[in-house]
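Here's the structure we're looking at; comments come further down.
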Amino acid sequence: MTAPTFDPTGLEPLTATDEQRAESPLARTPDGTWVVLGHPEAIAVATDHESFSSAVSRFLQVPNGMDGEEHAAFRAVTDPFFASERMAALEPTVRAVAAELVEELMADVGAAGTEIDAVAALGAVFAVRAQTAWLGWPTALEPELLQWMIDNHEASRSRDLSRTTEVAERFDTLIRSVVAPRRALGADAPEDPTTELMRVQVKLPDPEILGSTQRALREEEIVSILRNWTGGDLGSIALCTGVLLTALADAPALTERLRHGTFTEAAAIVDELLRIDDPFVSNRRVTTCPVSLAGHQIGAGERVLIHWTSANRDERVFADPNRFDEQAHGAQNLVYGIGKHICPGRPLATLELVVALQELLAVADVHPAETVGEREVAPVGGWAHAPVVLTPRS
Ligand code: HEM
């Protein structure tokens, strides 16, 4: 059986995969990458860590580019940063950041309402401020981080390797500028997650002694982890904000539930809205051995793309993918992935998104805008520009 050819380049991921998935849950790009569009197939790939390796990049990626024991060792070091008690302690800080930004936005909003781009005006700024507040980074970095988000986005859209490399190097320099002063301060460095990361010990398997050795993280590992916690995440939070506000502008009853519901109810609503329009589109794998998937034989060493946006809309699991039902769909939601690489930052992402919505909806109503929004194209999803109108709540 030959897999249908599907080239997602430059296409709006949601509509394009809705059409393609109707033909087959597995497709192939013209350059031979397998694109996993179906929900059961995405689970099969993401949970078979032996056959599908995450070591897809020639660059060090901690922990996402790692497999097996090495991956587990680094997850053991980084997962505690997102523990529930830590998130509870962080909540007032995130809430203060959200409240301040909402106040700034609403200062310009008259009774007739004002149109904003939910991605640029709210999502991107909030993401940068919330992440820097969490990590203890200087607020003066905000303009540089915002500009970096724009450049990074343009570079990934261009698919020009020299541009993406330049943007990645610029980000590493920025991270090193945060790490270096902490090194110089030693024991006097501020107590925050960045300093803590510089002090943790990783316990790695050591075949020479048939056991494990414990050591501090190397500079390049710290930089890689911090890059994951910021670079990768800032864009996701911004895009998620665009998806959420665009959906809520057309859903007043849901908006009311978010306004008055508990944190857990709000989190379930957010997850379901992101399932319907998942802006975190895909992740890569490479096969380690021949493997069979959806009736196709995949050879060893082949590239595979898990398409979360498509899997989250598979009609075999979600009969009508656009129907909102957080109770029925929650257990099958793949927005944060599945398997050993499941998103460790989920509690933080949820905290940020729920708190941002709660703070905004406490003082504002959200309405559809007359300006037509612009959808993103692969490799990201959601909205490039998400115009909505804010009016003050009396
Ligand atoms: C805003 C919404 C977010 C979404 C939709 C999202 C989604 C995902 C998904 C689907 C994966 C699985 C990757 C795979 O299987 O290869 C993942 C992994 C990861 N995410 Fe997130 N994420 C979000 C926010 C965050 C945040 C806030 C952080 C940290 C601050 C974070 C850090 C990571 C890391 C480090 C990994 C790699 C884990 C591993 O390979 O073991 N993410 N994320």
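By order in the structure tokens, chains are A, B, ...; within a chain, residues start at 1; ligands start at 1, following the order shown.
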Please identify every residue of chain A that has at least one atom no farther than 8 Å from an atom of ligand 1, counting only C-alpha atoms and all ligand atoms, and for each give the shortest atom pair and the distance in Å to one decimal, arranged by chain then increasing number, as a Markdown table.
```
| residue | atom | partner | partner_atom_place_in_ligand_line | distance |
| --- | --- | --- | --- | --- |
| A:Ala46 | CA | ligand 1 | 15 (O) | 6.1 |
| A:Ser54 | CA | ligand 1 | 16 (O) | 6.7 |
| A:Val62 | CA | ligand 1 | 35 (C) | 7.2 |
| A:Pro63 | CA | ligand 1 | 40 (O) | 4.9 |
| A:Asn64 | CA | ligand 1 | 40 (O) | 3.0 |
| A:Gly65 | CA | ligand 1 | 40 (O) | 6.4 |
| A:Met66 | CA | ligand 1 | 40 (O) | 7.0 |
| A:His71 | CA | ligand 1 | 41 (O) | 6.7 |
| A:Ala72 | CA | ligand 1 | 41 (O) | 8.0 |
| A:Arg75 | CA | ligand 1 | 41 (O) | 6.3 |
| A:Gln131 | CA | ligand 1 | 30 (C) | 7.6 |
| A:Ile225 | CA | ligand 1 | 35 (C) | 6.8 |
| A:Asn228 | CA | ligand 1 | 35 (C) | 5.2 |
| A:Trp229 | CA | ligand 1 | 30 (C) | 3.7 |
| A:Thr230 | CA | ligand 1 | 30 (C) | 6.2 |
| A:Gly232 | CA | ligand 1 | 31 (C) | 7.1 |
| A:Asp233 | CA | ligand 1 | 26 (C) | 4.9 |
| A:Leu234 | CA | ligand 1 | 1 (C) | 7.6 |
| A:Gly235 | CA | ligand 1 | 1 (C) | 7.8 |
| A:Ser236 | CA | ligand 1 | 1 (C) | 4.4 |
| A:Ile237 | CA | ligand 1 | 1 (C) | 4.2 |
| A:Ala238 | CA | ligand 1 | 1 (C) | 7.8 |
| A:Leu239 | CA | ligand 1 | 1 (C) | 7.9 |
| A:Cys240 | CA | ligand 1 | 1 (C) | 6.2 |
| A:Leu274 | CA | ligand 1 | 5 (C) | 7.8 |
| A:Asp278 | CA | ligand 1 | 5 (C) | 7.1 |
| A:Pro279 | CA | ligand 1 | 5 (C) | 7.0 |
| A:Phe280 | CA | ligand 1 | 5 (C) | 4.9 |
| A:Val281 | CA | ligand 1 | 10 (C) | 7.9 |
| A:Ser282 | CA | ligand 1 | 10 (C) | 7.1 |
| A:Asn283 | CA | ligand 1 | 16 (O) | 4.9 |
| A:Arg284 | CA | ligand 1 | 16 (O) | 6.4 |
| A:Arg285 | CA | ligand 1 | 16 (O) | 7.5 |
| A:Ile306 | CA | ligand 1 | 15 (O) | 7.9 |
| A:Trp308 | CA | ligand 1 | 10 (C) | 6.8 |
| A:Leu334 | CA | ligand 1 | 10 (C) | 6.9 |
| A:Val335 | CA | ligand 1 | 5 (C) | 5.2 |
| A:Tyr336 | CA | ligand 1 | 10 (C) | 3.9 |
| A:Gly337 | CA | ligand 1 | 10 (C) | 3.8 |
| A:Ile338 | CA | ligand 1 | 15 (O) | 6.4 |
| A:Gly339 | CA | ligand 1 | 15 (O) | 7.1 |
| A:Lys340 | CA | ligand 1 | 41 (O) | 6.0 |
| A:His341 | CA | ligand 1 | 41 (O) | 3.5 |
| A:Ile342 | CA | ligand 1 | 12 (C) | 4.7 |
| A:Cys343 | CA | ligand 1 | 17 (C) | 3.6 |
| A:Pro344 | CA | ligand 1 | 33 (C) | 5.4 |
| A:Gly345 | CA | ligand 1 | 28 (C) | 3.6 |
| A:Arg346 | CA | ligand 1 | 24 (C) | 5.6 |
| A:Pro347 | CA | ligand 1 | 27 (C) | 7.6 |
| A:Leu348 | CA | ligand 1 | 27 (C) | 5.2 |
| A:Ala349 | CA | ligand 1 | 27 (C) | 4.3 |
| A:Thr350 | CA | ligand 1 | 1 (C) | 7.5 |
| A:Leu353 | CA | ligand 1 | 1 (C) | 7.9 |
```
Checklist entry - Quick one: residues within 8 Å of region 179-196 of chain A, only C-alpha atoms counted, chain neighbours fewer than 5 positions away excluded, as JSON, numbers by chain? => result {"A": [81, 134, 135, 136, 226]}
Next on the checklist: Please compute the CA of Leu14 (chain A)-CA of Asp365 (chain A) distance, one decimal, in Å.
Outcome noted: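 According to the coordinates, CA of Leu14 (chain A) and CA of Asp365 (chain A) are separated by 27.3 Å.
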Item to check | Those of region 154-337 of chain A in DSSP strand (DSSP E), formatted as a PyMOL selection string | outcome: chain A and resi 201-206+211-216+282-287+291-293+296-298+303-307
Next on the checklist: Calculated over only C-alpha atoms, which of the candidates A:Ala55, A:Val36, A:Ala3, A:Val77 has the smallest distance to Thr288 (chain A)?
Outcome noted: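 Smallest distance to Thr288 (chain A) is found for A:Ala55.
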Item to check | DSSP alpha helix (DSSP H) selection over region 171-298 of chain A, as a ChimeraX atom specification | outcome: /A:171-185,193-199,219-249,252-260,263-276
Next on the checklist: So the first atom is CA of Pro138 (chain A) and the second is CA of Gly242 (chain A); what is the distance between them in Å, to one decimal place?
Outcome noted: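 The value is 26.0 Å.
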Next on the checklist: I'd like the contact shell of Gly299 (chain A) - 9 Å cut-off, only C-alpha atoms, skipping same-chain residues fewer than 6 positions apart - returned as a count of residues only.
Outcome noted: 6
Checklist entry - With distances taken over only C-alpha atoms, which of A:Glu100, A:Asp314, A:Glu154, A:Asp117 is nearest to Ala356 (chain A)? => result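 Smallest separation from Ala356 (chain A) among the options: A:Glu100.
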Next on the checklist: Can you tell me which residues surround region 85-98 of chain A at a distance of at most 9 Å, considering only C-alpha atoms, apart from same-chain residues fewer than 2 positions away, and format the answer as a ChimeraX atom specification?
Outcome noted: /A:80-83,100-103,126,129-131,133-134,347-348,351-352,355-360
Generate the output file for the selected residues, C-alpha atoms, as a PDB file, in the first residue's frame.
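As a result, again.pdb now contains:
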```
ATOM      1  CA  PRO A  80      10.061  18.972  39.862  1.00  0.00           C
ATOM      2  CA  PHE A  81      10.184  22.591  38.652  1.00  0.00           C
ATOM      3  CA  PHE A  82       6.531  22.172  37.576  1.00  0.00           C
ATOM      4  CA  ALA A  83       5.288  20.387  40.733  1.00  0.00           C
ATOM      5  CA  GLU A 100      -1.092  44.621  35.231  1.00  0.00           C
ATOM      6  CA  LEU A 101      -1.170  43.838  31.510  1.00  0.00           C
ATOM      7  CA  VAL A 102      -4.981  43.787  31.434  1.00  0.00           C
ATOM      8  CA  GLU A 103      -5.021  47.157  33.203  1.00  0.00           C
ATOM      9  CA  PHE A 126       1.888  38.135  28.659  1.00  0.00           C
ATOM     10  CA  ARG A 129       6.347  38.779  31.205  1.00  0.00           C
ATOM     11  CA  ALA A 130       5.058  35.597  32.870  1.00  0.00           C
ATOM     12  CA  GLN A 131       8.078  33.511  31.831  1.00  0.00           C
ATOM     13  CA  ALA A 133       8.848  36.617  36.210  1.00  0.00           C
ATOM     14  CA  TRP A 134       8.874  32.834  36.785  1.00  0.00           C
ATOM     15  CA  PRO A 347       0.912  22.797  34.696  1.00  0.00           C
ATOM     16  CA  LEU A 348       2.671  26.092  34.004  1.00  0.00           C
ATOM     17  CA  LEU A 351      -1.735  28.219  35.087  1.00  0.00           C
ATOM     18  CA  GLU A 352      -0.708  31.021  32.736  1.00  0.00           C
ATOM     19  CA  VAL A 355      -5.070  33.127  35.038  1.00  0.00           C
ATOM     20  CA  ALA A 356      -4.736  35.401  31.976  1.00  0.00           C
ATOM     21  CA  LEU A 357      -8.329  34.620  30.959  1.00  0.00           C
ATOM     22  CA  GLN A 358      -9.684  35.038  34.491  1.00  0.00           C
ATOM     23  CA  GLU A 359      -8.000  38.422  34.917  1.00  0.00           C
ATOM     24  CA  LEU A 360      -9.174  39.662  31.513  1.00  0.00           C
TER      25      LEU A 360
END
```
Next on the checklist: Would you pick out the contacts of Ala311 (chain A) at 10 Å or less, using only C-alpha atoms, so that residues sharing its chain but fewer than 2 positions from it are not included, and give the list as an NGL selection string?
Outcome noted: :A and (17-18 or 21 or 25 or 36-43 or 275 or 278 or 281-282 or 306-309 or 313-318 or 332-335)
Item to check | Proximity to Glu376 (chain A) - best of A:Thr139, A:Thr15, A:Asn322, A:Gln20, only C-alpha atoms | outcome: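 Under the stated criterion, the closest residue is A:Thr15.
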